[in-house]
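Structure data follow from target-v8.cif (mmCIF, C-alpha atoms and all ligand atoms):
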```
data_final
loop_
_atom_site.label_atom_id
_atom_site.label_comp_id
_atom_site.auth_asym_id
_atom_site.auth_seq_id
_atom_site.Cartn_x
_atom_site.Cartn_y
_atom_site.Cartn_z
CA MET A 14 95.67 87.99 120.90
CA SER A 15 94.48 84.52 119.96
CA ILE A 16 91.14 83.98 118.26
CA ASP A 17 89.18 80.85 119.04
CA ILE A 18 86.05 80.17 117.02
CA GLN A 19 84.01 77.19 118.11
CA HIS A 20 81.17 75.60 116.16
CA ILE A 21 79.87 78.86 114.69
CA SER A 22 76.69 78.70 112.63
CA LYS A 23 74.94 81.66 111.07
CA ARG A 24 71.79 81.75 108.97
CA PHE A 25 70.21 84.60 107.05
CA GLY A 26 66.55 83.59 106.77
CA THR A 27 66.64 80.09 105.34
CA PHE A 28 70.15 80.50 103.93
CA THR A 29 73.03 79.00 105.92
CA ALA A 30 76.04 81.31 105.57
CA LEU A 31 78.21 79.48 108.14
CA SER A 32 77.80 75.91 109.22
CA ASP A 33 79.62 74.60 112.29
CA VAL A 34 82.87 76.51 111.70
CA THR A 35 85.68 75.86 114.17
CA LEU A 36 88.97 77.68 113.79
CA GLN A 37 91.86 78.65 116.06
CA VAL A 38 94.18 81.51 115.22
CA PRO A 39 97.16 81.60 117.60
CA ASP A 40 98.50 84.94 118.79
CA GLY A 41 100.64 86.61 116.14
CA GLN A 42 99.48 84.59 113.14
CA LEU A 43 98.38 86.00 109.80
CA VAL A 44 95.58 83.84 108.44
CA ALA A 45 93.97 84.08 105.00
CA LEU A 46 90.35 83.07 104.42
CA LEU A 47 90.13 81.90 100.83
CA GLY A 48 87.11 80.74 98.92
CA PRO A 49 84.61 81.52 96.19
CA SER A 50 82.15 84.36 96.38
CA GLY A 51 79.34 83.66 98.85
CA SER A 52 81.22 80.94 100.76
CA GLY A 53 80.94 82.77 104.11
CA LYS A 54 84.36 84.45 104.52
CA THR A 55 83.04 87.96 105.17
CA THR A 56 80.35 86.63 107.47
CA LEU A 57 83.00 84.94 109.60
CA LEU A 58 85.03 88.15 109.72
CA ARG A 59 81.92 90.06 110.81
CA VAL A 60 81.22 87.48 113.52
CA ILE A 61 84.79 87.84 114.83
CA ALA A 62 84.36 91.63 114.80
CA GLY A 63 81.02 91.57 116.62
CA LEU A 64 79.19 93.13 113.66
CA GLU A 65 77.15 89.96 113.32
CA PHE A 66 76.09 87.56 116.09
CA PRO A 67 76.16 83.82 115.49
CA ASP A 68 73.07 81.60 115.86
CA ALA A 69 75.21 78.96 117.52
CA GLY A 70 78.78 78.61 118.71
CA ARG A 71 81.20 80.81 120.59
CA VAL A 72 83.95 83.33 119.90
CA HIS A 73 86.87 83.73 122.31
CA LEU A 74 89.50 86.44 122.05
CA ALA A 75 92.61 85.89 124.18
CA GLY A 76 90.70 83.22 126.07
CA GLN A 77 87.77 85.51 126.89
CA ASP A 78 84.27 84.72 125.69
CA VAL A 79 83.17 87.71 123.56
CA THR A 80 80.30 85.96 121.73
CA HIS A 81 77.83 88.60 122.90
CA ALA A 82 80.19 91.59 123.19
CA GLY A 83 79.74 94.55 120.86
CA PRO A 84 82.40 95.58 118.33
CA GLY A 85 83.71 98.41 120.55
CA GLU A 86 84.55 95.99 123.36
CA ARG A 87 86.72 93.68 121.30
CA GLY A 88 89.86 95.70 120.52
CA ILE A 89 89.68 94.95 116.82
CA GLY A 90 90.72 97.05 113.80
CA PHE A 91 89.14 96.66 110.35
CA VAL A 92 90.01 97.48 106.80
CA PHE A 93 87.53 96.83 104.01
CA GLN A 94 87.92 96.86 100.26
CA HIS A 95 86.12 100.13 99.68
CA TYR A 96 87.00 101.67 102.97
CA ALA A 97 85.57 105.15 102.86
CA LEU A 98 87.87 107.77 104.27
CA PHE A 99 86.21 111.01 105.28
CA LYS A 100 86.57 113.15 102.18
CA HIS A 101 86.37 116.45 103.99
CA MET A 102 89.13 115.49 106.46
CA SER A 103 92.85 115.53 105.80
CA VAL A 104 94.90 112.36 106.05
CA PHE A 105 96.01 113.46 109.52
CA GLU A 106 92.42 114.06 110.66
CA ASN A 107 91.24 110.74 109.25
CA VAL A 108 93.80 108.85 111.30
CA ALA A 109 93.21 111.03 114.39
CA PHE A 110 89.50 110.21 114.11
CA GLY A 111 90.33 106.61 115.02
CA LEU A 112 92.01 107.82 118.21
CA HIS A 113 89.12 110.09 119.18
CA VAL A 114 86.56 107.36 118.72
CA LYS A 115 88.43 104.97 120.92
CA ARG A 116 89.52 107.22 123.72
CA GLY A 117 87.31 110.29 123.71
CA ALA A 118 88.87 113.45 122.30
CA ALA A 119 89.04 115.21 125.63
CA ARG A 120 91.23 112.62 127.29
CA LEU A 121 94.20 112.73 124.94
CA PRO A 122 96.21 115.94 124.90
CA LYS A 123 96.67 117.39 121.42
CA ALA A 124 100.42 116.83 121.44
CA VAL A 125 99.94 113.13 122.21
CA VAL A 126 97.39 112.75 119.40
CA ARG A 127 99.79 114.47 117.04
CA GLU A 128 102.68 112.23 118.04
CA LYS A 129 100.58 109.07 117.69
CA VAL A 130 99.10 110.03 114.32
CA MET A 131 102.49 110.95 112.90
CA HIS A 132 103.91 107.67 114.20
CA LEU A 133 101.14 105.75 112.40
CA LEU A 134 101.63 107.76 109.23
CA ARG A 135 105.35 107.02 109.30
CA LEU A 136 104.48 103.35 109.73
CA VAL A 137 102.39 103.40 106.55
CA GLN A 138 104.98 105.65 104.89
CA LEU A 139 102.60 108.53 104.40
CA ASP A 140 103.84 111.10 106.90
CA TRP A 141 104.63 113.38 103.95
CA ALA A 142 100.92 113.34 103.01
CA ALA A 143 99.48 114.35 106.40
CA THR A 144 97.88 117.55 105.14
CA ARG A 145 96.55 116.08 101.90
CA TYR A 146 92.93 115.10 101.35
CA PRO A 147 91.84 111.62 100.23
CA ALA A 148 91.02 112.87 96.72
CA GLN A 149 94.69 113.82 96.32
CA LEU A 150 95.91 110.27 96.98
CA SER A 151 96.16 107.14 94.84
CA GLY A 152 94.03 104.08 95.66
CA GLY A 153 96.97 102.30 97.31
CA GLN A 154 97.80 105.33 99.41
CA ARG A 155 94.17 105.61 100.52
CA GLN A 156 94.19 101.97 101.63
CA ARG A 157 97.32 102.69 103.65
CA VAL A 158 95.56 105.61 105.35
CA ALA A 159 92.64 103.26 106.08
CA LEU A 160 95.08 100.84 107.62
CA ALA A 161 96.67 103.60 109.74
CA ARG A 162 93.20 104.58 110.91
CA ALA A 163 92.40 100.98 111.84
CA LEU A 164 95.69 100.74 113.72
CA ALA A 165 95.07 103.97 115.63
CA VAL A 166 92.96 102.19 118.23
CA GLU A 167 95.93 99.89 118.90
CA PRO A 168 93.96 96.80 118.02
CA ARG A 169 95.25 93.43 119.05
CA VAL A 170 93.41 91.87 116.12
CA LEU A 171 93.31 93.27 112.61
CA LEU A 172 90.61 92.09 110.20
CA LEU A 173 90.99 92.84 106.51
CA ASP A 174 88.28 92.15 103.94
CA GLU A 175 89.73 92.16 100.43
CA PRO A 176 91.74 95.22 101.43
CA PHE A 177 93.59 95.44 98.14
CA GLY A 178 90.85 94.05 95.91
CA ALA A 179 90.21 97.24 94.00
CA LEU A 180 93.85 98.00 93.24
CA ASP A 181 95.97 97.16 90.22
CA ALA A 182 98.41 94.25 90.25
CA ALA A 183 101.64 96.16 90.92
CA VAL A 184 100.18 98.17 93.81
CA ARG A 185 98.60 95.02 95.27
CA GLN A 186 101.96 93.29 95.25
CA GLU A 187 103.62 96.21 96.98
CA LEU A 188 100.91 96.47 99.63
CA ARG A 189 100.81 92.76 100.35
CA ASP A 190 104.59 92.64 100.99
CA TRP A 191 104.27 95.66 103.14
CA LEU A 192 101.29 94.28 105.10
CA ARG A 193 103.24 91.13 105.93
CA GLN A 194 106.10 93.24 107.24
CA LEU A 195 103.81 95.51 109.22
CA HIS A 196 102.00 92.55 110.76
CA ASP A 197 105.32 91.19 112.04
CA GLU A 198 106.64 94.54 113.19
CA ILE A 199 103.70 95.46 115.38
CA HIS A 200 102.85 91.94 116.58
CA LEU A 201 99.26 91.68 115.48
CA THR A 202 96.99 88.74 114.98
CA SER A 203 95.45 89.25 111.55
CA VAL A 204 92.72 87.58 109.51
CA PHE A 205 92.23 88.62 105.93
CA VAL A 206 89.72 87.65 103.29
CA THR A 207 90.82 87.26 99.71
CA HIS A 208 89.72 85.67 96.45
CA ASP A 209 93.29 85.59 95.27
CA GLN A 210 95.10 82.33 96.01
CA ALA A 211 98.51 83.76 95.08
CA GLU A 212 98.00 86.57 97.57
CA ALA A 213 96.98 84.10 100.28
CA MET A 214 99.91 81.78 99.62
CA GLU A 215 102.41 84.59 99.51
CA ILE A 216 101.73 86.28 102.80
CA ALA A 217 99.69 84.03 105.07
CA ASP A 218 101.04 81.74 107.79
CA ARG A 219 97.94 79.65 107.35
CA ILE A 220 95.25 79.33 104.70
CA VAL A 221 91.66 78.43 105.44
CA VAL A 222 89.70 77.33 102.37
CA PHE A 223 85.95 77.93 102.55
CA ASN A 224 83.28 76.14 100.57
CA GLN A 225 79.57 76.77 101.09
CA GLY A 226 79.81 78.00 104.66
CA ARG A 227 82.19 75.28 105.81
CA ILE A 228 85.94 74.96 106.16
CA GLU A 229 87.06 72.68 103.36
CA GLN A 230 90.69 72.53 104.46
CA GLU A 231 93.20 74.52 106.47
CA GLY A 232 96.92 74.51 107.01
CA PRO A 233 100.19 76.22 106.09
CA PRO A 234 100.14 77.40 102.45
CA GLU A 235 102.62 74.81 101.22
CA SER A 236 100.84 71.95 102.88
CA VAL A 237 97.43 72.95 101.54
CA TYR A 238 98.90 73.42 98.07
CA ASP A 239 100.95 70.22 98.03
CA HIS A 240 98.41 68.04 99.83
CA PRO A 241 94.94 69.18 98.84
CA ALA A 242 92.44 66.93 100.53
CA THR A 243 89.69 67.41 97.96
CA PRO A 244 89.34 68.33 94.28
CA PHE A 245 87.67 71.54 95.43
CA THR A 246 90.83 72.68 97.25
CA TYR A 247 93.03 71.48 94.39
CA ARG A 248 91.05 73.47 91.85
CA PHE A 249 90.75 76.51 94.04
CA LEU A 250 94.50 76.81 94.59
CA GLY A 251 95.46 76.75 90.94
CA LYS A 252 94.56 75.63 87.46
CA ALA A 253 93.74 71.96 87.06
CA ASN A 254 93.55 69.60 84.09
CA VAL A 255 91.58 66.36 84.25
CA LEU A 256 94.04 63.68 83.20
CA ARG A 257 91.91 60.60 83.75
CA GLU A 258 88.47 59.91 85.04
CA THR A 259 86.68 56.74 85.96
CA GLU A 260 83.42 56.15 87.74
CA ARG A 261 85.25 56.05 91.06
CA GLU A 262 88.25 58.35 90.64
CA GLN A 263 89.42 61.55 89.08
CA THR A 264 93.08 62.33 88.39
CA LEU A 265 94.07 65.98 88.20
CA VAL A 266 97.31 67.61 87.10
CA ARG A 267 98.54 71.19 87.17
CA PRO A 268 99.64 72.88 83.92
CA HIS A 269 103.24 73.28 85.13
CA ASP A 270 103.45 69.58 86.01
CA LEU A 271 102.98 68.68 82.35
CA THR A 272 105.65 68.84 79.66
CA VAL A 273 105.19 68.77 75.94
CA SER A 274 107.63 67.21 73.51
CA THR A 275 107.87 66.11 69.88
CA GLN A 276 109.19 62.73 71.09
CA GLY A 277 106.97 60.10 72.67
CA ARG A 278 108.01 58.58 76.02
CA GLU A 279 106.68 55.85 78.18
CA GLY A 280 103.35 56.97 79.60
CA SER A 281 103.10 60.09 77.44
CA LEU A 282 99.82 61.06 75.83
CA PRO A 283 99.41 61.89 72.16
CA ALA A 284 97.95 65.33 71.41
CA GLN A 285 97.85 68.16 68.92
CA VAL A 286 98.76 71.77 69.72
CA THR A 287 95.77 74.11 69.32
CA ARG A 288 97.11 77.33 70.84
CA ILE A 289 100.31 78.86 72.16
CA HIS A 290 100.06 81.97 74.26
CA ILE A 291 103.14 83.70 75.65
CA VAL A 292 102.72 85.49 79.00
CA GLY A 293 105.97 87.16 79.97
CA PRO A 294 108.57 84.41 80.50
CA GLU A 295 105.99 81.63 80.34
CA ALA A 296 104.42 79.78 77.43
CA ARG A 297 100.86 78.49 77.84
CA VAL A 298 100.19 75.68 75.45
CA GLU A 299 96.76 74.27 74.80
CA VAL A 300 96.57 70.82 73.24
CA ARG A 301 93.71 68.60 72.12
CA ARG A 302 94.17 65.01 73.12
CA THR A 303 94.12 62.50 70.29
CA ASP A 304 93.70 59.42 72.51
CA LEU A 305 90.61 60.64 74.38
CA PRO A 306 88.27 63.62 74.16
CA GLY A 307 89.45 66.70 76.04
CA THR A 308 92.07 69.40 76.14
CA LEU A 309 95.06 70.02 78.40
CA GLU A 310 96.83 73.23 79.33
CA ILE A 311 100.59 73.14 79.80
CA HIS A 312 102.68 75.94 81.28
CA ALA A 313 106.41 75.94 80.59
CA PRO A 314 109.28 78.42 80.41
CA LYS A 315 109.13 79.90 76.91
CA GLY A 316 112.65 78.60 76.10
CA HIS A 317 111.52 74.97 76.58
CA LEU A 318 109.20 75.15 73.61
CA GLN A 319 111.66 75.27 70.79
CA GLY A 320 110.31 73.63 67.67
CA ILE A 321 106.73 73.36 68.92
CA GLU A 322 104.05 75.06 66.86
CA VAL A 323 100.31 75.25 66.56
CA GLY A 324 98.92 72.28 64.63
CA GLN A 325 101.84 70.01 65.50
CA ARG A 326 101.37 66.50 66.86
CA VAL A 327 103.10 66.20 70.24
CA HIS A 328 103.41 64.04 73.33
CA VAL A 329 102.44 65.23 76.78
CA THR A 330 103.96 63.80 79.97
CA ALA A 331 102.57 64.28 83.47
CA HIS A 332 105.28 64.56 86.16
CA TRP A 333 103.08 64.92 89.21
CA GLU A 334 99.42 64.08 89.43
CA LYS A 335 96.86 63.67 92.14
CA THR A 336 94.03 61.17 92.23
CA PHE A 337 90.87 61.78 94.25
CA PRO A 338 88.05 59.36 94.94
CA LYS A 339 84.77 60.60 93.51
CA PRO A 340 82.14 61.50 96.07
N1 LIG B 401 72.85 90.39 105.95
C1 LIG B 401 72.63 89.38 105.10
N2 LIG B 401 71.38 89.01 104.78
C2 LIG B 401 71.14 87.99 103.95
N3 LIG B 401 72.11 87.23 103.37
C3 LIG B 401 73.36 87.55 103.64
C4 LIG B 401 73.71 88.63 104.52
N4 LIG B 401 75.06 88.69 104.60
C5 LIG B 401 75.53 87.71 103.82
N5 LIG B 401 74.53 87.02 103.25
C6 LIG B 401 74.67 85.85 102.36
O1 LIG B 401 75.53 84.91 102.96
C7 LIG B 401 76.38 84.32 102.00
C8 LIG B 401 77.81 84.42 102.43
O2 LIG B 401 78.19 85.78 102.30
P1 LIG B 401 79.66 86.27 102.60
O3 LIG B 401 79.67 87.75 102.33
O4 LIG B 401 80.07 85.80 103.93
O5 LIG B 401 80.49 85.51 101.50
P2 LIG B 401 81.98 85.73 101.02
O6 LIG B 401 82.59 84.40 100.99
O7 LIG B 401 82.63 86.78 101.84
O8 LIG B 401 81.74 86.26 99.56
P3 LIG B 401 82.51 87.42 98.75
O9 LIG B 401 83.85 86.84 98.47
O10 LIG B 401 81.67 87.58 97.52
O11 LIG B 401 82.54 88.62 99.62
C9 LIG B 401 76.07 85.00 100.66
O12 LIG B 401 75.26 84.14 99.89
C10 LIG B 401 75.33 86.25 101.06
O13 LIG B 401 74.39 86.61 100.08
#
```

Would you write the structure of this file as structure tokens?
Amino acid sequence: MSIDIQHISKRFGTFTALSDVTLQVPDGQLVALLGPSGSGKTTLLRVIAGLEFPDAGRVHLAGQDVTHAGPGERGIGFVFQHYALFKHMSVFENVAFGLHVKRGAARLPKAVVREKVMHLLRLVQLDWAATRYPAQLSGGQRQRVALARALAVEPRVLLLDEPFGALDAAVRQELRDWLRQLHDEIHLTSVFVTHDQAEAMEIADRIVVFNQGRIEQEGPPESVYDHPATPFTYRFLGKANVLRETEREQTLVRPHDLTVSTQGREGSLPAQVTRIHIVGPEARVEVRRTDLPGTLEIHAPKGHLQGIEVGQRVHVTAHWEKTFPKP
């Protein structure tokens, strides 16, 4: 089901949470809303869900105007970061609850409910845990139950607000791969909110970068990453060093687009190594420039650093940089 958001504005008192936001999500896409805290991502999700009504603008789902429709009329499933499962209900009952709410318990025969719930639990790979209670599950497993419950109503749109935010890195990775697969398997249109640019770039078809209630930039992950339109997007999608700055322009470079060497080359900058930090296979080198004030951070495979030590005078070369006009 496509989502069409046209010129949405939303204020809370005097504060503008969304300002003239227009966004189209074609049927079947998985879109990530990315941006700093308070930039309006959750508010937009709530407007799509019908939990919040916009002050201006319209929301269409599958071509139908639902701007004033309540959440129950929209065929949407939600998963939130701290999605509370019912503690006193088993995993099976939690998922079945979604079915009862949507259809009215009386209308679905028990055997049908059972079949549907077990199908959903198999989908989230938790059929073995049907009789367990939430307290007996890990955080990642609980989020999967929450997802099964959201899917029970057979939503055509799935909205996820930092669904894996509270989980540790390994579990997050596993769940994000799995979410991408699930999204494709059951042909959903999904919008998810995240702070994590790696997560957004890894699984989304399209990234929408928010800044102060407005869309700063949107596009496929590679295009937004390779062609950031503004320094804000550039900085939000990864670490940035300031290479040069004039009154009119600022030139930024990413740590992995810099190399460090004991030999000077044409265009290289003189610097002194202040810190070397090894993170798994990668070396993170911090240098203080000796031509101008400022520091640079360089990321390189650890093996490329032979002979480079803290205190050493080195030369830094930028291989790819991006210059932005100053506002
Ligand atoms: N019901 C409300 N009443 C007043 N202000 C609100 C309300 N809901 C949201 N806001 C404000 O609107 C702004 C945008 O909030 P929103 O939750 O959409 O941001 P976000 O980008 O999702 O942030 P986060 O990543 O921290 O969740 C925030 O400054 C928030 O304080």

* To do: Dump the neighbourhood of ligand LIG 401 (chain B) as a PyMOL selection string: all residues within 12 Å, distances computed on only C-alpha atoms and all ligand atoms.
  => chain A and resi 22-32+46-60+64-67+93-94+173-176+178+205-209+221-228

* Selection: 6 Å around Phe91 of chain A, only C-alpha atoms, excl. self and same-chain fewer than 5 positions, as a list in words ->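 Counting only C-alpha atoms, the residues come to Ala163, Leu171, Leu172 and Leu173 of chain A.
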
* Compare A:Gln149, A:Gln285, A:Thr243, A:Thr202 by their minimum atom-to-atom distance to Leu265 of chain A, counting only C-alpha atoms, and give me the closest one. =>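 Counting only C-alpha atoms, the residue closest to Leu265 of chain A is A:Thr243.
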
* Point-to-point distance in Å for atom CA of Glu86 of chain A and atom CA of Arg157 of chain A ->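 About the pair atom CA of Arg157 of chain A and atom CA of Glu86 of chain A: they are 24.4 Å apart.
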
* Residues near segment 252-260 of chain A, cut-off 8 Å, all atoms listed in the file, skip fewer than 5 positions along chain, as a ChimeraX atom specification -> /A:247,265-268,309-310,339

* Option closest in space to Arg169 of chain A, from A:His101, A:Lys129, A:Arg145, A:His196 [counting only C-alpha atoms] ->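 Smallest distance to Arg169 of chain A is found for A:His196.
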
* Would you list the residues near (79.7, 80.1, 120.5), meaning any protein, DNA or RNA residue with an atom at most 9 Å from that point in file coordinates, counting all atoms listed in the file, as a list in words? => Ile18, Gln19, His20, Ile21, Ser22, Pro67, Asp68, Ala69, Gly70, Arg71, Val72, His73, Asp78, Val79 and Thr80 of chain A

Box along x, y and z, 8 Å on every side, all listed atoms of segment 185-193 of chain A inside: centre and edge lengths in Å to one decimal, as AutoDock Vina command-line options.
```
--center_x 101.6 --center_y 93.8 --center_z 100.6 --size_x 22.0 --size_y 21.3 --size_z 26.7
```

* By how many Å are atom CA of Leu250 of chain A and atom CA of Ala45 of chain A apart? ->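 We find that atom CA of Leu250 of chain A and atom CA of Ala45 of chain A lie 12.7 Å from each other.
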
* When distances are computed from all atoms listed in the file, which of A:Pro306, A:Val273, A:Glu299, A:Glu334 shows the smallest separation from Gly320 of chain A? ->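 Result for the nearest residue to Gly320 of chain A: A:Val273.
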
* Asked: By how many Å are atom CA of Thr303 of chain A and atom CA of Arg248 of chain A apart?
  ->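 Between atom CA of Thr303 of chain A and atom CA of Arg248 of chain A the gap works out to 24.4 Å.
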
Need to verify the contact set: segment 137-144 of chain A, 7 Å, all atoms listed in the file, exclusion of same-chain residues closer than 3 positions in sequence. Can you return it as a PDB file with C-alpha atoms, in the frame of the given file?
```pdb
ATOM      1  CA  SER A 103      92.850 115.530 105.800  1.00  0.00           C
ATOM      2  CA  VAL A 104      94.900 112.360 106.050  1.00  0.00           C
ATOM      3  CA  PHE A 105      96.010 113.460 109.520  1.00  0.00           C
ATOM      4  CA  MET A 131     102.490 110.950 112.900  1.00  0.00           C
ATOM      5  CA  LEU A 133     101.140 105.750 112.400  1.00  0.00           C
ATOM      6  CA  LEU A 134     101.630 107.760 109.230  1.00  0.00           C
ATOM      7  CA  ARG A 157      97.320 102.690 103.650  1.00  0.00           C
ATOM      8  CA  ALA A 161      96.670 103.600 109.740  1.00  0.00           C
TER       9      ALA A 161
END
```

* Take the point (107.8, 70.5, 77.3) as written in the file and pick out every residue within 10 Å of it, counting all atoms listed in the file; give the list as a PyMOL selection string. => chain A and resi 269-275+296+298+311-319+321+327-330

* To do: Find, counting only C-alpha atoms, the residue in A:Arg87, A:Lys100, A:His200, A:Arg302 that gets nearest to Gly41 of chain A.
  =>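 Smallest separation from Gly41 of chain A among the options: A:His200.
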